[in-house]
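Undergrad: Dropping a structure here in structure tokens format, bear with me for questions.
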Amino acid sequence: MNELFNIAGHFIDPKTIESIAPLGNGLINDTYKIMVHGEPKYVLQRINNAVFTDVDMLQNNIETVTNHIRQKYESQGIKDINRRVLHLLKADTGKTYVVENEQYWRVMDFIADSYTYEAVTPEYAYYAGRSFGDFESLLTDLKAPIGEIIPDFHNIEFRLKQMEEAIAEDRVGQMREVEVQKFVAKIREASERMCLGERLYREGKLPKRICHCDTKVNNMLFDKDGNVLCIIDLDTIMPSFVFSDYGDFLRSAANTGAEDDPDLDNIHFNMEIFEAFTKGYLEGTKSFLLPIERENLPYAATLFPYMQAVRFLTDYINGNTYYKIKYPHHNLVRTRAQWRLFEETEKSLAGVKL
């Protein structure tokens with residue numbers, strides 16, 4: 001714990017710190033709350049530099065985006081801005097992070113009396129759609145460069161290439177399994193239509209926007225009255241198609257089963273969640289969304305379970321080296337579940353026009 005006090009001391013006066021305690025249960029970064037005068041005042045976070053290898057780019061992205069939003073809010077006369085946008089503290093190094101024992105750390109202001117929600121109801125799906133749409137809208141005129149913090153993160157052509165490389169190497173002999181062969185055939189059969197976004201981009205028809213790229217209900221803070229305060233967890237901000245923010249939310253939120261549900265009968269596409277999220281998202285993006293982006297949002301909803309099935313199957317073929325597993329066939333079970341969701345999503349959205 002003394003180490004945490006020393007690290008926090010690079011950002012704030014260490015004499016003011018009363019205690020430092022774990023905060024939340026994040027899967028990527030280790031997070032702590034810093035208590036001052038009996039209240040949580042700051043958030044201390046260890047950045048997972050195994051996932052985010054260019055921490056300088058990461059922090060620059062977040063600082064650039066939050067400063068831009070802050071300036072927008074100031075020009076609009078919005079009150080209580082410190083509760084509406086995250087604020088990174090500068091360390092005594094002049095940067096918004098420090099390095100101690102090859103670990104990277106940052107400190108942010110703690111937003112008091114704020115709450116997150118895990119449940120995805122139509123009401124909160126609407127809030128999410130509106131909030132992430134508003135977030136993208138605020139950034140459409142951002143001129144400062146934003147780096148691609150995880151290159152090809154949502155590039156389906158890249159993910160298919162990874163799968164083909166795994167098949168060619170077949171390092172642990174998984175390609176002998178008949179079910180694996182069947183999934184590979186299905187994925188290949190659908191690949192042309194699922195690579196639509198990348199083709200439209202090469203043709204100059206589809207732009208890249210500054211997107212959040214990790215759209216979940218619990219990545220929003222609410223006040224005690226249930227009003228959205230701000231978007232959080234900004235590590236994955238990068239240029240992407242709007243399909244990323246739209247499709248990835250629905251992949252998890254509109255799935256009636258679990259991501260790794262062994263009972264495929266549990267898995268359907270929840271149209272009520274789809275309609276609520278879409279309503280909010282279209283309201284938030286109405287100032288900039290192009291017709292080609294809007295009309296292909298149903299495609300985006302199908303793309304993300306397809307892409308996740310590709311990624312799970314690739315990891316299974318590679319011997320389960322990327323995703324944590326609970327049993328040897330876990331990634332294959334995940335592949336089955338995501339493929340069923342892909343099929344259910346395509347079936348549910350067939351003929352849907354936006």
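Ordering of the structure tokens sets the chain letters (A, B, ...), residue numbers begin anew at 1 in every chain, and ligands are numbered from 1 in the order given.
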Within 7 Å of Gly247 (chain A), counting only C-alpha atoms, which residues qualify if same-chain residues fewer than 2 places away don't, as a PDB file with N, CA and C atoms, in the first residue's frame?
TA:
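Okay, this is what ended up in result-v4.pdb:
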ATOM      1  N   PHE A 243     -20.112   1.776 -36.943  1.00  0.00           N
ATOM      2  CA  PHE A 243     -20.560   0.398 -36.733  1.00  0.00           C
ATOM      3  C   PHE A 243     -19.996  -0.173 -35.435  1.00  0.00           C
ATOM      4  N   SER A 244     -18.797   0.292 -35.049  1.00  0.00           N
ATOM      5  CA  SER A 244     -18.167  -0.235 -33.837  1.00  0.00           C
ATOM      6  C   SER A 244     -19.007   0.063 -32.604  1.00  0.00           C
ATOM      7  N   ASP A 245     -19.383   1.331 -32.435  1.00  0.00           N
ATOM      8  CA  ASP A 245     -20.135   1.717 -31.243  1.00  0.00           C
ATOM      9  C   ASP A 245     -21.554   1.157 -31.277  1.00  0.00           C
ATOM     10  N   PHE A 249     -22.366  -2.763 -29.007  1.00  0.00           N
ATOM     11  CA  PHE A 249     -23.325  -2.671 -27.904  1.00  0.00           C
ATOM     12  C   PHE A 249     -24.408  -3.735 -28.055  1.00  0.00           C
ATOM     13  N   LEU A 250     -24.967  -3.852 -29.247  1.00  0.00           N
ATOM     14  CA  LEU A 250     -26.072  -4.783 -29.454  1.00  0.00           C
ATOM     15  C   LEU A 250     -25.624  -6.237 -29.363  1.00  0.00           C
ATOM     16  N   ARG A 251     -24.381  -6.515 -29.675  1.00  0.00           N
ATOM     17  CA  ARG A 251     -23.883  -7.894 -29.577  1.00  0.00           C
ATOM     18  C   ARG A 251     -24.050  -8.434 -28.165  1.00  0.00           C
ATOM     19  N   ALA A 300     -24.255  -3.680 -39.203  1.00  0.00           N
ATOM     20  CA  ALA A 300     -23.325  -3.570 -38.065  1.00  0.00           C
ATOM     21  C   ALA A 300     -23.747  -4.481 -36.926  1.00  0.00           C
ATOM     22  N   ALA A 301     -25.059  -4.604 -36.709  1.00  0.00           N
ATOM     23  CA  ALA A 301     -25.552  -5.461 -35.629  1.00  0.00           C
ATOM     24  C   ALA A 301     -25.228  -6.925 -35.900  1.00  0.00           C
ATOM     25  N   LEU A 303     -22.570  -7.847 -37.850  1.00  0.00           N
ATOM     26  CA  LEU A 303     -21.121  -7.958 -37.989  1.00  0.00           C
ATOM     27  C   LEU A 303     -20.433  -8.380 -36.697  1.00  0.00           C
ATOM     28  N   PHE A 304     -20.896  -7.846 -35.571  1.00  0.00           N
ATOM     29  CA  PHE A 304     -20.124  -8.048 -34.343  1.00  0.00           C
ATOM     30  C   PHE A 304     -20.239  -9.448 -33.745  1.00  0.00           C
TER      31      PHE A 304
END
Undergrad: Which neighbours of Met175 (chain A) fall inside 12 Å, counting only C-alpha atoms, when residues of the same chain fewer than 2 positions from it are skipped, and could you give them as a PyMOL selection string?
TA: chain A and resi 163-164+166-173+177-185+313-314+316-319
Undergrad: Return as a PyMOL selection string the full set of residues in region 232-286 of chain A whose backbone-based DSSP assignment is alpha helix (DSSP H).
TA: chain A and resi 242-253+271-285
Undergrad: Would you please extract all strand (DSSP E or B) residues from region 209-302 of chain A, as assigned by DSSP on the backbone, and give them as a PyMOL selection string?
TA: chain A and resi 209-211+220-222+228-231+238-240+255+269
Undergrad: Generate the output file for the selected residues, N, CA, C and O atoms, as a PDB file, in the first residue's frame.
TA:
ATOM      1  N   ARG A 209     -14.916   7.674 -37.921  1.00  0.00           N
ATOM      2  CA  ARG A 209     -15.220   8.691 -36.916  1.00  0.00           C
ATOM      3  C   ARG A 209     -14.369   8.435 -35.674  1.00  0.00           C
ATOM      4  O   ARG A 209     -13.726   7.392 -35.569  1.00  0.00           O
ATOM      5  N   ILE A 210     -14.397   9.382 -34.749  1.00  0.00           N
ATOM      6  CA  ILE A 210     -13.797   9.117 -33.436  1.00  0.00           C
ATOM      7  C   ILE A 210     -14.852   8.400 -32.610  1.00  0.00           C
ATOM      8  O   ILE A 210     -15.893   8.970 -32.281  1.00  0.00           O
ATOM      9  N   CYS A 211     -14.598   7.134 -32.282  1.00  0.00           N
ATOM     10  CA  CYS A 211     -15.577   6.292 -31.606  1.00  0.00           C
ATOM     11  C   CYS A 211     -15.058   5.816 -30.257  1.00  0.00           C
ATOM     12  O   CYS A 211     -13.853   5.772 -30.024  1.00  0.00           O
ATOM     13  N   MET A 220     -21.218   4.196 -18.616  1.00  0.00           N
ATOM     14  CA  MET A 220     -21.832   5.508 -18.426  1.00  0.00           C
ATOM     15  C   MET A 220     -22.023   5.745 -16.932  1.00  0.00           C
ATOM     16  O   MET A 220     -22.341   4.808 -16.198  1.00  0.00           O
ATOM     17  N   LEU A 221     -21.845   6.985 -16.515  1.00  0.00           N
ATOM     18  CA  LEU A 221     -22.159   7.372 -15.139  1.00  0.00           C
ATOM     19  C   LEU A 221     -23.496   8.090 -15.115  1.00  0.00           C
ATOM     20  O   LEU A 221     -23.780   8.939 -15.979  1.00  0.00           O
ATOM     21  N   PHE A 222     -24.323   7.747 -14.107  1.00  0.00           N
ATOM     22  CA  PHE A 222     -25.620   8.383 -13.909  1.00  0.00           C
ATOM     23  C   PHE A 222     -25.611   9.143 -12.587  1.00  0.00           C
ATOM     24  O   PHE A 222     -24.879   8.775 -11.654  1.00  0.00           O
ATOM     25  N   VAL A 228     -28.006  10.727 -17.214  1.00  0.00           N
ATOM     26  CA  VAL A 228     -26.651  10.408 -17.641  1.00  0.00           C
ATOM     27  C   VAL A 228     -25.733  11.597 -17.367  1.00  0.00           C
ATOM     28  O   VAL A 228     -26.040  12.736 -17.739  1.00  0.00           O
ATOM     29  N   LEU A 229     -24.617  11.323 -16.688  1.00  0.00           N
ATOM     30  CA  LEU A 229     -23.620  12.364 -16.447  1.00  0.00           C
ATOM     31  C   LEU A 229     -22.570  12.384 -17.542  1.00  0.00           C
ATOM     32  O   LEU A 229     -22.362  13.390 -18.204  1.00  0.00           O
ATOM     33  N   CYS A 230     -21.879  11.250 -17.711  1.00  0.00           N
ATOM     34  CA  CYS A 230     -20.803  11.244 -18.693  1.00  0.00           C
ATOM     35  C   CYS A 230     -20.450   9.818 -19.112  1.00  0.00           C
ATOM     36  O   CYS A 230     -20.820   8.837 -18.456  1.00  0.00           O
ATOM     37  N   ILE A 231     -19.705   9.738 -20.200  1.00  0.00           N
ATOM     38  CA  ILE A 231     -19.159   8.485 -20.705  1.00  0.00           C
ATOM     39  C   ILE A 231     -17.804   8.263 -20.041  1.00  0.00           C
ATOM     40  O   ILE A 231     -16.996   9.185 -19.914  1.00  0.00           O
ATOM     41  N   MET A 238     -10.734   5.632 -30.542  1.00  0.00           N
ATOM     42  CA  MET A 238      -9.871   5.604 -31.724  1.00  0.00           C
ATOM     43  C   MET A 238     -10.725   5.824 -32.972  1.00  0.00           C
ATOM     44  O   MET A 238     -11.958   5.740 -32.909  1.00  0.00           O
ATOM     45  N   PRO A 239     -10.091   6.095 -34.114  1.00  0.00           N
ATOM     46  CA  PRO A 239     -10.862   6.197 -35.357  1.00  0.00           C
ATOM     47  C   PRO A 239     -11.444   4.836 -35.720  1.00  0.00           C
ATOM     48  O   PRO A 239     -10.755   3.815 -35.675  1.00  0.00           O
ATOM     49  N   SER A 240     -12.727   4.814 -36.061  1.00  0.00           N
ATOM     50  CA  SER A 240     -13.396   3.577 -36.444  1.00  0.00           C
ATOM     51  C   SER A 240     -14.666   3.929 -37.185  1.00  0.00           C
ATOM     52  O   SER A 240     -15.062   5.089 -37.259  1.00  0.00           O
ATOM     53  N   ASN A 255     -28.450  -9.773 -26.754  1.00  0.00           N
ATOM     54  CA  ASN A 255     -28.347 -11.236 -26.679  1.00  0.00           C
ATOM     55  C   ASN A 255     -29.145 -11.716 -25.469  1.00  0.00           C
ATOM     56  O   ASN A 255     -28.855 -11.340 -24.337  1.00  0.00           O
ATOM     57  N   PHE A 269     -32.219 -12.683 -30.489  1.00  0.00           N
ATOM     58  CA  PHE A 269     -31.902 -11.262 -30.617  1.00  0.00           C
ATOM     59  C   PHE A 269     -33.089 -10.461 -30.117  1.00  0.00           C
ATOM     60  O   PHE A 269     -34.195 -10.567 -30.649  1.00  0.00           O
TER      61      PHE A 269
END
Undergrad: Show me a table, sorted first by chain and then by increasing residue number, of the residues of region 126-241 of chain A having an atom at most 9 Å from region 59-64 of chain A, each with its shortest atom pair and the distance in Å to one decimal, counting only C-alpha atoms and written as a tab-separated table.
TA:
residue	atom	partner	partner_atom	distance
A:Leu142	CA	A:Thr64	CA	8.8
A:Ala144	CA	A:Thr64	CA	7.2
A:Pro145	CA	A:Asn61	CA	8.1
A:Ile146	CA	A:Asn61	CA	5.5
A:Gly147	CA	A:Asn61	CA	6.7
A:Ile149	CA	A:Asn61	CA	8.5
A:Leu234	CA	A:Ile62	CA	6.3
A:Asp235	CA	A:Ile62	CA	7.0
A:Ile237	CA	A:Asn61	CA	7.0
A:Met238	CA	A:Asn61	CA	7.7
Undergrad: Figure out the distance between CA of Met194 (chain A) and CA of Glu165 (chain A), please, to one decimal in Å.
TA: 18.9 Å
Undergrad: Can you list, as a list of chain:residue names, every protein, DNA or RNA residue that comes within 12 Å of Gly197 (chain A) when you count only C-alpha atoms, leaving out same-chain residues fewer than 5 positions away?
TA: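 My reading of the contact set: A:His154, A:Asn155, A:Ile156, A:Glu157, A:Ser191, A:Glu192, A:Arg202, A:Glu203, A:Gly204, A:Lys205, A:Leu206, A:Pro207, A:Lys208, A:Ser240, A:Phe241, A:Val242, A:Phe243, A:Ser244, A:Ile292, A:Glu293, A:Glu295, A:Asn296, A:Leu297, A:Pro298, A:Tyr299, A:Ala300, A:Thr302, A:Leu303, A:Phe304.
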